[in-house]
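Listing of coords-v1.txt, compact mmCIF, C-alpha atoms and all ligand atoms
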```
# COMPACT_ATOMS: atom_id res chain seq x y z
CA MET V 1 15.82 8.37 170.88
CA LEU V 2 19.46 9.44 171.19
CA ASP V 3 20.34 13.10 170.68
CA CYS V 4 23.48 11.96 168.91
CA ALA V 5 25.02 8.61 167.99
CA ILE V 6 28.79 8.73 167.58
CA ILE V 7 30.14 5.79 165.62
CA GLY V 8 33.79 5.04 166.32
CA GLY V 9 35.82 5.74 169.45
CA GLY V 10 39.14 6.97 168.08
CA PRO V 11 40.44 10.53 168.51
CA ALA V 12 37.62 11.94 166.34
CA GLY V 13 34.79 10.04 168.05
CA LEU V 14 36.07 10.64 171.57
CA THR V 15 36.52 14.38 170.99
CA ALA V 16 33.03 14.54 169.46
CA GLY V 17 31.80 12.76 172.61
CA LEU V 18 33.54 15.27 174.86
CA TYR V 19 32.21 18.33 173.04
CA THR V 20 28.62 17.11 172.54
CA THR V 21 28.14 16.11 176.18
CA ARG V 22 30.03 19.05 177.68
CA GLY V 23 28.11 21.31 175.28
CA GLY V 24 24.79 20.21 176.72
CA LEU V 25 23.46 17.22 174.76
CA ALA V 26 21.99 14.89 177.34
CA ASN V 27 21.71 11.63 175.51
CA VAL V 28 24.82 10.75 173.53
CA THR V 29 26.20 7.26 172.97
CA MET V 30 29.54 6.41 171.38
CA PHE V 31 29.47 3.04 169.63
CA GLU V 32 32.94 1.46 169.50
CA LYS V 33 33.55 -2.14 168.49
CA GLY V 34 36.83 -2.48 170.41
CA MET V 35 38.62 -0.58 173.14
CA PRO V 36 38.33 3.20 172.67
CA GLY V 37 41.43 4.99 171.40
CA GLY V 38 41.48 4.14 167.70
CA GLN V 39 44.32 3.07 165.47
CA ILE V 40 46.95 5.27 167.14
CA THR V 41 46.92 2.87 170.11
CA GLY V 42 48.87 0.48 167.85
CA SER V 43 51.62 3.04 167.25
CA SER V 44 54.91 2.74 169.09
CA GLU V 45 55.49 6.46 169.27
CA ILE V 46 53.75 9.75 168.63
CA GLU V 47 55.88 12.87 168.62
CA ASN V 48 53.61 15.35 166.82
CA TYR V 49 50.65 15.73 169.16
CA PRO V 50 50.84 19.35 170.36
CA GLY V 51 51.91 19.84 173.93
CA VAL V 52 53.06 16.27 174.41
CA THR V 53 56.82 16.14 174.77
CA GLY V 54 59.04 13.19 175.44
CA GLU V 55 58.64 9.64 174.24
CA ILE V 56 55.02 8.52 174.40
CA THR V 57 53.20 5.60 172.79
CA GLY V 58 49.84 5.95 171.08
CA MET V 59 48.31 3.92 173.90
CA ASP V 60 49.73 6.31 176.54
CA LEU V 61 48.32 9.27 174.62
CA MET V 62 44.79 7.89 174.33
CA MET V 63 44.46 6.27 177.77
CA PRO V 64 42.86 9.29 179.60
CA TRP V 65 40.48 10.31 176.78
CA PRO V 66 37.51 7.98 177.54
CA GLU V 67 37.46 8.86 181.24
CA GLN V 68 37.41 12.59 180.43
CA CYS V 69 34.35 12.03 178.21
CA GLN V 70 32.56 9.88 180.77
CA ARG V 71 32.85 12.71 183.32
CA PHE V 72 30.47 14.73 181.15
CA GLY V 73 28.03 11.88 180.61
CA LEU V 74 29.11 10.21 177.36
CA LYS V 75 27.77 6.67 177.21
CA HIS V 76 29.94 4.01 175.62
CA ALA V 77 28.42 0.98 173.88
CA MET V 78 31.03 -1.66 173.10
CA VAL V 79 29.44 -3.00 169.95
CA GLU V 80 30.03 -2.96 166.22
CA VAL V 81 27.65 -0.88 164.14
CA MET V 82 26.63 -2.73 161.00
CA LYS V 83 24.59 -0.11 159.20
CA VAL V 84 23.07 3.37 159.54
CA ASP V 85 19.68 4.07 157.97
CA HIS V 86 18.37 7.56 157.24
CA ASN V 87 14.64 7.51 157.99
CA ASP V 88 11.85 9.44 156.27
CA ASP V 89 11.29 11.64 159.35
CA GLY V 90 14.97 12.76 159.24
CA SER V 91 16.13 10.56 162.14
CA PHE V 92 18.64 7.71 161.89
CA THR V 93 18.54 4.05 162.88
CA ILE V 94 21.77 2.49 164.12
CA HIS V 95 21.83 -1.27 163.45
CA LYS V 96 24.15 -3.04 165.86
CA GLY V 97 26.10 -6.29 165.58
CA ASP V 98 24.07 -7.85 168.42
CA GLY V 99 20.94 -7.64 166.25
CA THR V 100 19.34 -4.71 168.09
CA SER V 101 18.99 -1.12 166.89
CA GLU V 102 18.75 2.40 168.30
CA ASP V 103 17.32 5.60 166.84
CA ALA V 104 19.12 8.93 166.91
CA LEU V 105 18.33 12.51 165.91
CA SER V 106 21.89 12.98 164.62
CA VAL V 107 24.96 10.89 163.82
CA ILE V 108 28.68 11.64 163.84
CA ILE V 109 30.49 9.02 161.81
CA ALA V 110 34.08 8.63 163.00
CA THR V 111 34.96 5.08 161.95
CA GLY V 112 38.44 6.02 160.76
CA SER V 113 40.57 4.00 158.43
CA THR V 114 42.35 0.66 158.19
CA PRO V 115 45.81 -0.13 156.78
CA LYS V 116 45.76 -1.09 153.11
CA ARG V 117 47.18 -4.37 151.90
CA ALA V 118 50.18 -3.82 149.61
CA GLY V 119 48.83 -6.35 147.12
CA PHE V 120 51.77 -8.73 146.56
CA LYS V 121 51.49 -12.50 146.20
CA GLY V 122 51.11 -14.45 149.45
CA GLU V 123 50.28 -11.32 151.51
CA ASP V 124 46.68 -12.32 152.32
CA GLU V 125 47.51 -15.98 152.98
CA LEU V 126 50.34 -15.11 155.38
CA PHE V 127 48.64 -12.11 157.02
CA GLY V 128 48.88 -12.64 160.79
CA LYS V 129 51.46 -15.40 160.25
CA GLY V 130 54.45 -13.14 159.66
CA VAL V 131 52.88 -10.40 157.58
CA SER V 132 51.69 -7.54 159.81
CA THR V 133 50.62 -3.89 159.76
CA CYS V 134 51.40 -3.25 163.43
CA ALA V 135 54.98 -3.06 164.70
CA THR V 136 54.00 -2.46 168.35
CA CYS V 137 51.68 -5.47 168.30
CA ASP V 138 53.97 -7.94 166.52
CA GLY V 139 57.53 -6.53 166.59
CA PHE V 140 58.50 -8.45 169.71
CA PHE V 141 57.99 -11.79 167.91
CA TYR V 142 61.08 -10.93 165.84
CA LYS V 143 63.42 -10.01 168.67
CA GLY V 144 67.00 -10.49 167.46
CA LYS V 145 65.81 -11.42 163.95
CA GLU V 146 65.76 -9.64 160.59
CA VAL V 147 62.53 -8.12 159.23
CA ALA V 148 61.39 -6.21 156.15
CA VAL V 149 59.30 -3.03 156.20
CA ILE V 150 57.37 -2.16 153.04
CA GLY V 151 56.60 1.55 152.49
CA GLY V 152 58.21 4.97 152.44
CA GLY V 153 55.91 7.35 154.32
CA ASP V 154 56.09 8.67 157.88
CA THR V 155 54.43 5.61 159.41
CA ALA V 156 56.72 3.14 157.60
CA LEU V 157 59.86 4.98 158.65
CA GLU V 158 58.78 5.56 162.26
CA GLU V 159 57.85 1.92 162.67
CA ALA V 160 61.13 0.83 161.03
CA VAL V 161 63.06 2.84 163.64
CA TYR V 162 60.95 1.21 166.38
CA LEU V 163 61.66 -2.26 164.96
CA SER V 164 65.40 -1.51 164.72
CA ASN V 165 65.50 -1.43 168.53
CA ILE V 166 64.11 -4.98 168.75
CA CYS V 167 65.31 -6.70 165.58
CA SER V 168 68.88 -7.42 164.46
CA LYS V 169 68.27 -5.76 161.08
CA VAL V 170 65.43 -3.92 159.32
CA TYR V 171 65.24 -3.72 155.52
CA ILE V 172 63.08 -0.85 154.25
CA VAL V 173 61.69 -1.71 150.82
CA HIS V 174 60.47 1.41 149.03
CA ARG V 175 59.29 1.79 145.45
CA ARG V 176 60.87 5.22 144.98
CA GLU V 177 64.34 6.76 145.30
CA THR V 178 63.22 9.28 147.96
CA PHE V 179 60.91 9.18 150.97
CA ARG V 180 57.72 11.13 151.59
CA ALA V 181 58.25 11.64 155.32
CA ALA V 182 59.21 14.36 157.80
CA PRO V 183 62.91 15.32 157.46
CA ASN V 184 63.46 14.48 161.15
CA THR V 185 62.13 10.95 160.62
CA ILE V 186 64.24 10.41 157.49
CA LYS V 187 67.32 11.54 159.43
CA ARG V 188 66.61 9.05 162.21
CA VAL V 189 66.38 6.27 159.62
CA MET V 190 69.63 7.33 157.99
CA ASP V 191 71.35 7.48 161.38
CA THR V 192 70.25 3.99 162.40
CA GLU V 193 73.00 1.48 161.72
CA ASN V 194 70.89 -1.66 161.48
CA ILE V 195 68.45 -0.24 158.90
CA GLU V 196 69.24 -1.02 155.26
CA LEU V 197 67.40 0.70 152.42
CA ILE V 198 66.26 -1.20 149.33
CA LEU V 199 65.08 1.55 146.98
CA ASN V 200 63.27 1.54 143.62
CA ALA V 201 62.05 -1.88 144.67
CA THR V 202 58.66 -3.59 144.90
CA PRO V 203 57.67 -6.81 146.68
CA GLU V 204 56.93 -9.70 144.32
CA GLU V 205 55.94 -12.47 146.70
CA VAL V 206 56.07 -13.36 150.37
CA TYR V 207 56.52 -17.07 150.94
CA GLY V 208 56.34 -19.42 153.89
CA ASP V 209 54.74 -22.54 155.29
CA LYS V 210 52.38 -23.56 158.10
CA MET V 211 54.81 -22.07 160.63
CA GLY V 212 54.74 -18.64 158.99
CA VAL V 213 56.80 -16.43 156.70
CA ASN V 214 60.20 -17.63 155.47
CA GLY V 215 61.07 -14.74 153.20
CA ILE V 216 60.07 -12.18 150.63
CA LYS V 217 61.13 -11.81 147.00
CA ILE V 218 61.74 -8.23 145.90
CA ASN V 219 61.99 -6.78 142.40
CA THR V 220 65.00 -4.45 142.35
CA PRO V 221 66.81 -2.69 139.48
CA GLU V 222 69.53 -5.36 139.87
CA GLY V 223 67.04 -8.26 139.59
CA LEU V 224 65.02 -10.44 141.99
CA LEU V 225 66.27 -10.26 145.58
CA ASP V 226 65.35 -13.02 148.05
CA LEU V 227 65.26 -11.67 151.61
CA GLN V 228 65.04 -14.59 154.04
CA VAL V 229 63.19 -12.83 156.87
CA PRO V 230 60.48 -14.24 159.19
CA GLY V 231 58.62 -10.92 159.49
CA VAL V 232 57.22 -8.51 156.89
CA PHE V 233 55.57 -5.24 158.00
CA THR V 234 53.54 -3.28 155.43
CA PHE V 235 52.72 0.43 155.78
CA VAL V 236 51.35 1.51 152.41
CA GLY V 237 48.40 3.79 153.18
CA MET V 238 44.89 3.45 154.48
CA ASN V 239 41.33 2.56 153.34
CA VAL V 240 38.42 4.40 154.96
CA ASN V 241 35.92 2.38 157.02
CA ASN V 242 32.70 3.43 155.30
CA ASP V 243 30.73 0.14 155.26
CA VAL V 244 28.20 1.36 157.83
CA LEU V 245 27.06 4.05 155.38
CA LYS V 246 26.38 1.56 152.57
CA LYS V 247 22.83 0.73 151.54
CA GLU V 248 21.74 -2.75 150.43
CA ASP V 249 22.33 -1.83 146.78
CA GLY V 250 25.96 -0.80 147.50
CA THR V 251 25.37 2.96 147.18
CA PHE V 252 25.96 5.26 150.15
CA ILE V 253 23.40 7.15 152.25
CA CYS V 254 25.48 10.34 151.75
CA ASP V 255 27.86 11.69 149.11
CA VAL V 256 31.33 10.13 149.01
CA ASN V 257 34.24 10.61 146.59
CA GLU V 258 35.72 7.90 144.33
CA ALA V 259 37.93 6.67 147.21
CA GLY V 260 34.82 6.25 149.39
CA GLU V 261 35.79 9.18 151.64
CA VAL V 262 32.79 11.06 153.03
CA ILE V 263 32.29 14.51 151.50
CA VAL V 264 31.89 17.19 154.20
CA ASN V 265 31.91 20.96 154.38
CA LEU V 266 33.91 23.04 156.86
CA ARG V 267 31.33 22.21 159.56
CA MET V 268 31.86 18.46 158.97
CA ARG V 269 28.31 18.28 157.59
CA THR V 270 27.66 15.59 154.99
CA SER V 271 25.10 15.83 152.20
CA VAL V 272 22.48 14.44 154.63
CA PRO V 273 21.09 16.83 157.29
CA GLY V 274 22.00 15.58 160.77
CA LEU V 275 24.81 13.32 159.52
CA TYR V 276 28.34 14.56 160.23
CA ALA V 277 31.72 12.91 159.54
CA ALA V 278 34.99 13.47 161.39
CA GLY V 279 38.56 12.21 161.24
CA ASP V 280 40.25 9.88 158.76
CA ILE V 281 36.95 8.97 157.07
CA ARG V 282 36.34 12.41 155.58
CA ILE V 283 37.68 13.86 152.31
CA ASP V 284 41.10 15.50 152.41
CA ALA V 285 41.80 14.22 155.93
CA PRO V 286 45.46 14.67 156.82
CA LYS V 287 45.14 11.37 158.73
CA GLN V 288 46.62 12.71 161.93
CA VAL V 289 45.41 12.50 165.52
CA VAL V 290 45.32 16.25 166.05
CA ALA V 291 43.24 16.76 162.90
CA ALA V 292 40.84 13.93 163.80
CA ALA V 293 40.34 15.43 167.26
CA GLY V 294 39.75 18.86 165.71
CA ASP V 295 37.17 17.42 163.32
CA GLY V 296 35.37 15.77 166.23
CA ALA V 297 35.10 19.11 168.00
CA VAL V 298 33.90 20.89 164.84
CA ALA V 299 31.26 18.23 164.17
CA ALA V 300 30.06 18.36 167.78
CA VAL V 301 29.67 22.14 168.00
CA ASN V 302 27.56 21.99 164.84
CA VAL V 303 25.50 19.00 165.94
CA ILE V 304 24.35 20.77 169.12
CA PRO V 305 22.31 23.56 167.40
CA TYR V 306 21.07 21.05 164.81
CA VAL V 307 19.63 18.79 167.55
CA ASP V 308 18.13 21.78 169.39
CA GLU V 309 16.41 22.92 166.22
CA VAL V 310 15.02 19.45 165.43
CA LYS V 311 13.71 19.06 168.98
CA ASN V 312 12.07 22.50 168.89
CA SER V 313 10.38 21.81 165.58
CA ARG V 314 9.14 18.41 166.84
CA GLU V 315 7.63 20.02 169.96
CA LYS V 316 5.60 22.51 167.93
C1 LIG P 401 51.03 2.74 163.03
C2 LIG P 401 50.41 4.11 162.98
C3 LIG P 401 51.16 5.21 163.35
C4 LIG P 401 50.58 6.49 163.33
N1 LIG P 401 51.33 7.54 163.75
C5 LIG P 401 50.77 8.76 163.85
C6 LIG P 401 51.50 9.86 164.38
O1 LIG P 401 52.67 9.74 164.74
N2 LIG P 401 50.87 11.06 164.48
C7 LIG P 401 49.56 11.25 164.11
O2 LIG P 401 49.04 12.35 164.30
N3 LIG P 401 48.85 10.22 163.58
C8 LIG P 401 49.41 8.99 163.43
N4 LIG P 401 48.69 7.96 162.90
C9 LIG P 401 47.36 8.24 162.31
C10 LIG P 401 46.27 8.37 163.38
O3 LIG P 401 46.27 7.22 164.19
C11 LIG P 401 44.91 8.55 162.71
O4 LIG P 401 44.93 9.67 161.84
C12 LIG P 401 43.80 8.79 163.76
O5 LIG P 401 43.78 7.75 164.70
C13 LIG P 401 42.45 8.90 163.09
O6 LIG P 401 41.47 9.01 164.07
P1 LIG P 401 39.94 8.64 163.79
O7 LIG P 401 39.23 8.86 165.07
O8 LIG P 401 39.48 9.33 162.59
O9 LIG P 401 39.94 7.10 163.40
P2 LIG P 401 40.55 5.79 164.09
O10 LIG P 401 41.67 6.10 164.97
O11 LIG P 401 40.75 4.84 162.95
O12 LIG P 401 39.36 5.29 165.02
C14 LIG P 401 38.18 4.76 164.47
C15 LIG P 401 37.53 3.88 165.50
O13 LIG P 401 36.27 3.45 165.00
C16 LIG P 401 36.05 2.09 165.35
N5 LIG P 401 35.15 1.51 164.37
C17 LIG P 401 35.35 1.36 163.04
N6 LIG P 401 34.26 0.83 162.47
C18 LIG P 401 33.35 0.64 163.45
C19 LIG P 401 32.03 0.11 163.48
N7 LIG P 401 31.43 -0.31 162.37
N8 LIG P 401 31.37 0.05 164.65
C20 LIG P 401 31.97 0.49 165.81
N9 LIG P 401 33.23 0.99 165.83
C21 LIG P 401 33.91 1.07 164.67
C22 LIG P 401 37.45 1.48 165.32
O14 LIG P 401 37.52 0.32 166.15
C23 LIG P 401 38.32 2.62 165.83
O15 LIG P 401 38.54 2.55 167.23
C24 LIG P 401 49.24 6.68 162.90
C25 LIG P 401 48.49 5.56 162.50
C26 LIG P 401 49.06 4.30 162.55
C27 LIG P 401 48.23 3.10 162.14
```

Could you express the structure from this file as structure tokens?
Ligand SMILES: Cc1cc2nc3c(=O)[nH]c(=O)nc-3n(C[C@H](O)[C@H](O)[C@H](O)COP(=O)(O)OP(=O)(O)OC[C@H]3O[C@@H](n4cnc5c(N)ncnc54)[C@H](O)[C@@H]3O)c2cc1C
Amino acid sequence: MLDCAIIGGGPAGLTAGLYTTRGGLANVTMFEKGMPGGQITGSSEIENYPGVTGEITGMDLMMPWPEQCQRFGLKHAMVEVMKVDHNDDGSFTIHKGDGTSEDALSVIIATGSTPKRAGFKGEDELFGKGVSTCATCDGFFYKGKEVAVIGGGDTALEEAVYLSNICSKVYIVHRRETFRAAPNTIKRVMDTENIELILNATPEEVYGDKMGVNGIKINTPEGLLDLQVPGVFTFVGMNVNNDVLKKEDGTFICDVNEAGEVIVNLRMRTSVPGLYAAGDIRIDAPKQVVAAAGDGAVAAVNVIPYVDEVKNSREK
């Protein structure tokens, strides 16, 4: 029986791993379906992690985190978790993608979030064939070419600036007149010569053939605009990864809000004793690395006394 199962190895899960093991829990496993580091490893630049100055990629930032955790005894299982059951005796069963399962006294769910699809015609069909949500992963394919970026938040603007260094021109398509991003990021966009803004505009349809995207049609106040670009990058928000908490009947093992975000208190406790949530998956998450890491620490320091108490009561 694990003392704690941590599901997800992004900033929240890794920090939870560091604090649980360093805080004395002997038997903690972090279940991560890919390489640890989380979604920030796909970001070209992070400039708001405290204490980190200079240009640094998300991958650079996250690289040392797993090793730091392993020093204190965190075990890492590279496997997808399919489902978490809450058992009658208060423990949890972690069902893994390889068909096996493990039991745990407590769980920290830190499965994060995934970029939303924007919802225009052709997006799903051409996803991965010219439509992308990751500029660092796919930007290089469009070296010297024109691309479109859909969105108007911090991530959209930061990634547009990144793409402007690779591509000949970047069109930012945004449904409003103004951006919801940090003033510094907006200034960088405005100061970049090969970025053109298409405002009050929404994508109608991305089109292409077997070879990939050929262009995107945009609804603008002046009428339908046909941008003949081979690459379309969408940054329009995130969906939380809460599938592992779903029961067979589609309801959740703990309380969630209408967006499926896990409801927690200030200790990152969910409505189920022993189940904690940290990072992007929880309600009101600012969806930032520093906040996810903070949540992981908060969850961990509260899991430790919970596990001690359960063990003591089981020994009696
Ligand atoms: C392009 C981009 C740019 C960004 N820029 C910034 C920035 O400049 N500054 C900033 O602070 N934040 C930024 N963010 C946001 C930041 O990355 C997230 O807020 C943060 O990573 C959330 O951490 P997390 O640990 O909650 O979740 P995630 O980072 O999403 O990690 C969750 C992990 O759980 C794993 N997982 C999911 N489901 C399962 C499962 N069933 N079984 C096993 N493993 C699973 C995933 O593989 C993933 O590794 C950016 C995000 C993106 C996408």

Edge lengths and centre in Å to one decimal, as lines of an AutoDock Vina configuration file, is what I'm after for the box along x, y and z that holds all listed atoms of ligand LIG 401 (chain P) once 3 Å is added on each side.
```
center_x = 42.0
center_y = 6.0
center_z = 164.5
size_x = 27.3
size_y = 18.7
size_z = 11.4
```

Nearest residue to ligand LIG 401 (chain P) from the set V:Val298, V:Ile7, V:Met268, V:Ala26 (distances using all atoms listed in the file):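 Using all atoms listed in the file, the shortest distance to ligand LIG 401 (chain P) belongs to V:Ile7.
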
d(CA of Gln70 (chain V), CA of Glu32 (chain V)) in Å: 14.1 Å

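Using all atoms listed in the file for every distance, the candidate list V:Gly153, V:Gly130, V:Gly122, V:Pro230 yields V:Gly153 as the residue closest to ligand LIG 401 (chain P).
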
Counting all atoms listed in the file, the option among V:Glu102, V:Glu45, V:Glu55, V:Glu258 closest to ligand LIG 401 (chain P):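 The answer is V:Glu45, which sits nearest to ligand LIG 401 (chain P).
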
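Shortest atom-to-atom contact with ligand LIG 401 (chain P) among V:Phe141, V:Phe179, V:Phe252, V:Tyr162: V:Tyr162, counting all atoms listed in the file.
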
Minimum-distance residue to ligand LIG 401 (chain P), chosen among V:Lys311, V:Arg180, V:His86, V:Lys287 (using all atoms listed in the file):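 That would be V:Lys287, the residue with the smallest distance to ligand LIG 401 (chain P).
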
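As for CA of Leu199 (chain V) and CA of Glu159 (chain V), they are spaced 17.3 Å apart.
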
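Taking atom N2 of ligand LIG 401 (chain P) as the reference point, CA of Thr15 (chain V) is found at 16.1 Å.
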
Minimum-distance residue to ligand LIG 401 (chain P), chosen among V:Ala16, V:Val131, V:Val264, V:Leu74 (using all atoms listed in the file):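 That would be V:Ala16, the residue with the smallest distance to ligand LIG 401 (chain P).
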
Residues near Phe31 (chain V), cut-off 8 Å, all atoms listed in the file, skip fewer than 4 positions along chain, as a PyMOL selection string: chain V and resi 5-9+76-81

Sphere at (53.9, -3.1, 166.5), radius 9 Å, counting only C-alpha atoms: residues as a list in words: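 Nearby residues: Gly42, Ser43, Ser44, Ser132, Thr133, Cys134, Ala135, Thr136, Cys137, Asp138, Gly139, Phe140, Glu159, Tyr162, Leu163 and Phe233 of chain V.
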
Non-local contacts of Val147 (chain V) (7 Å; only C-alpha atoms; under 4 positions in same chain excluded) as a PyMOL selection string: chain V and resi 169-171+229-232

Need the shell around Glu196 (chain V): protein/DNA/RNA residues with any atom at most 12 Å away, counting all atoms listed in the file. Skip same-chain ones fewer than 2 positions apart. Format as a CSV table (one decimal) with C-alpha atoms, keeping the file's coordinate frame?
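Contents of the output file selection-v1.csv:
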```csv
chain,number,residue,atom,x,y,z
V,146,GLU,CA,65.8,-9.6,160.6
V,147,VAL,CA,62.5,-8.1,159.2
V,148,ALA,CA,61.4,-6.2,156.2
V,149,VAL,CA,59.3,-3.0,156.2
V,157,LEU,CA,59.9,5.0,158.6
V,160,ALA,CA,61.1,0.8,161.0
V,161,VAL,CA,63.1,2.8,163.6
V,164,SER,CA,65.4,-1.5,164.7
V,168,SER,CA,68.9,-7.4,164.5
V,169,LYS,CA,68.3,-5.8,161.1
V,170,VAL,CA,65.4,-3.9,159.3
V,171,TYR,CA,65.2,-3.7,155.5
V,172,ILE,CA,63.1,-0.8,154.2
V,173,VAL,CA,61.7,-1.7,150.8
V,174,HIS,CA,60.5,1.4,149.0
V,189,VAL,CA,66.4,6.3,159.6
V,190,MET,CA,69.6,7.3,158.0
V,191,ASP,CA,71.4,7.5,161.4
V,192,THR,CA,70.2,4.0,162.4
V,193,GLU,CA,73.0,1.5,161.7
V,194,ASN,CA,70.9,-1.7,161.5
V,198,ILE,CA,66.3,-1.2,149.3
V,199,LEU,CA,65.1,1.6,147.0
V,227,LEU,CA,65.3,-11.7,151.6
```

Contact residues around Ala104 (chain V) with only C-alpha atoms at 10 Å, ignoring same-chain residues under 2 positions, as a PyMOL selection string: chain V and resi 1-6+27-29+86+90-94+102+106-107+274+307

Expected residue set, 9 Å radius at (43.6, 0.3, 156.7), all atoms listed in the file, as a list of chain:residue names: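 Result, sorted by chain then residue number: V:Gly112, V:Ser113, V:Thr114, V:Pro115, V:Lys116, V:Arg117, V:Thr133, V:Val236, V:Gly237, V:Met238, V:Asn239, V:Val240, V:Asn241.
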
Polymer residues at most 9 Å from Asp295 (chain V), all atoms listed in the file, same-chain spacing of 2 or more positions, as a list in words: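 The neighbour list is Ala12, Thr15, Ala16, Arg267, Met268, Ala277, Ala278, Gly279, Val290, Ala291, Ala292, Ala293, Ala297, Val298, Ala299 and Ala300 of chain V.
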
File output for region 117-128 of chain V (N, CA, C and O atoms) as a CSV table (one decimal), in the first residue's frame:
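Listed below is the output, decode.csv:
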```csv
chain,number,residue,atom,x,y,z
V,117,ARG,N,-9.6,23.1,-28.0
V,117,ARG,CA,-9.8,23.3,-29.4
V,117,ARG,C,-10.6,24.6,-29.6
V,117,ARG,O,-11.6,24.8,-28.8
V,118,ALA,N,-10.3,25.4,-30.6
V,118,ALA,CA,-11.1,26.7,-30.8
V,118,ALA,C,-12.5,26.4,-31.3
V,118,ALA,O,-13.4,27.2,-31.1
V,119,GLY,N,-12.7,25.3,-32.0
V,119,GLY,CA,-14.0,24.9,-32.5
V,119,GLY,C,-14.4,25.4,-33.9
V,119,GLY,O,-15.6,25.3,-34.2
V,120,PHE,N,-13.5,25.7,-34.7
V,120,PHE,CA,-13.8,26.1,-36.1
V,120,PHE,C,-13.8,24.9,-37.0
V,120,PHE,O,-13.2,23.9,-36.7
V,121,LYS,N,-14.4,25.1,-38.2
V,121,LYS,CA,-14.5,24.0,-39.1
V,121,LYS,C,-13.1,23.5,-39.6
V,121,LYS,O,-12.3,24.4,-39.9
V,122,GLY,N,-12.9,22.2,-39.7
V,122,GLY,CA,-11.7,21.7,-40.2
V,122,GLY,C,-10.6,21.6,-39.2
V,122,GLY,O,-9.6,20.9,-39.4
V,123,GLU,N,-10.8,22.2,-38.0
V,123,GLU,CA,-9.7,22.2,-36.9
V,123,GLU,C,-9.4,20.7,-36.5
V,123,GLU,O,-8.2,20.4,-36.5
V,124,ASP,N,-10.4,19.9,-36.2
V,124,ASP,CA,-10.1,18.5,-35.8
V,124,ASP,C,-9.4,17.7,-36.9
V,124,ASP,O,-8.5,17.0,-36.6
V,125,GLU,N,-10.0,17.8,-38.1
V,125,GLU,CA,-9.5,17.0,-39.2
V,125,GLU,C,-8.0,17.4,-39.5
V,125,GLU,O,-7.2,16.5,-39.9
V,126,LEU,N,-7.6,18.6,-39.4
V,126,LEU,CA,-6.3,19.1,-39.8
V,126,LEU,C,-5.4,19.2,-38.5
V,126,LEU,O,-4.3,19.7,-38.7
V,127,PHE,N,-5.9,18.8,-37.4
V,127,PHE,CA,-5.0,18.9,-36.2
V,127,PHE,C,-3.8,18.0,-36.3
V,127,PHE,O,-3.9,16.8,-36.7
V,128,GLY,N,-2.6,18.5,-36.1
V,128,GLY,CA,-1.4,17.7,-36.3
V,128,GLY,C,-0.9,17.7,-37.8
V,128,GLY,O,0.1,17.2,-38.1
```
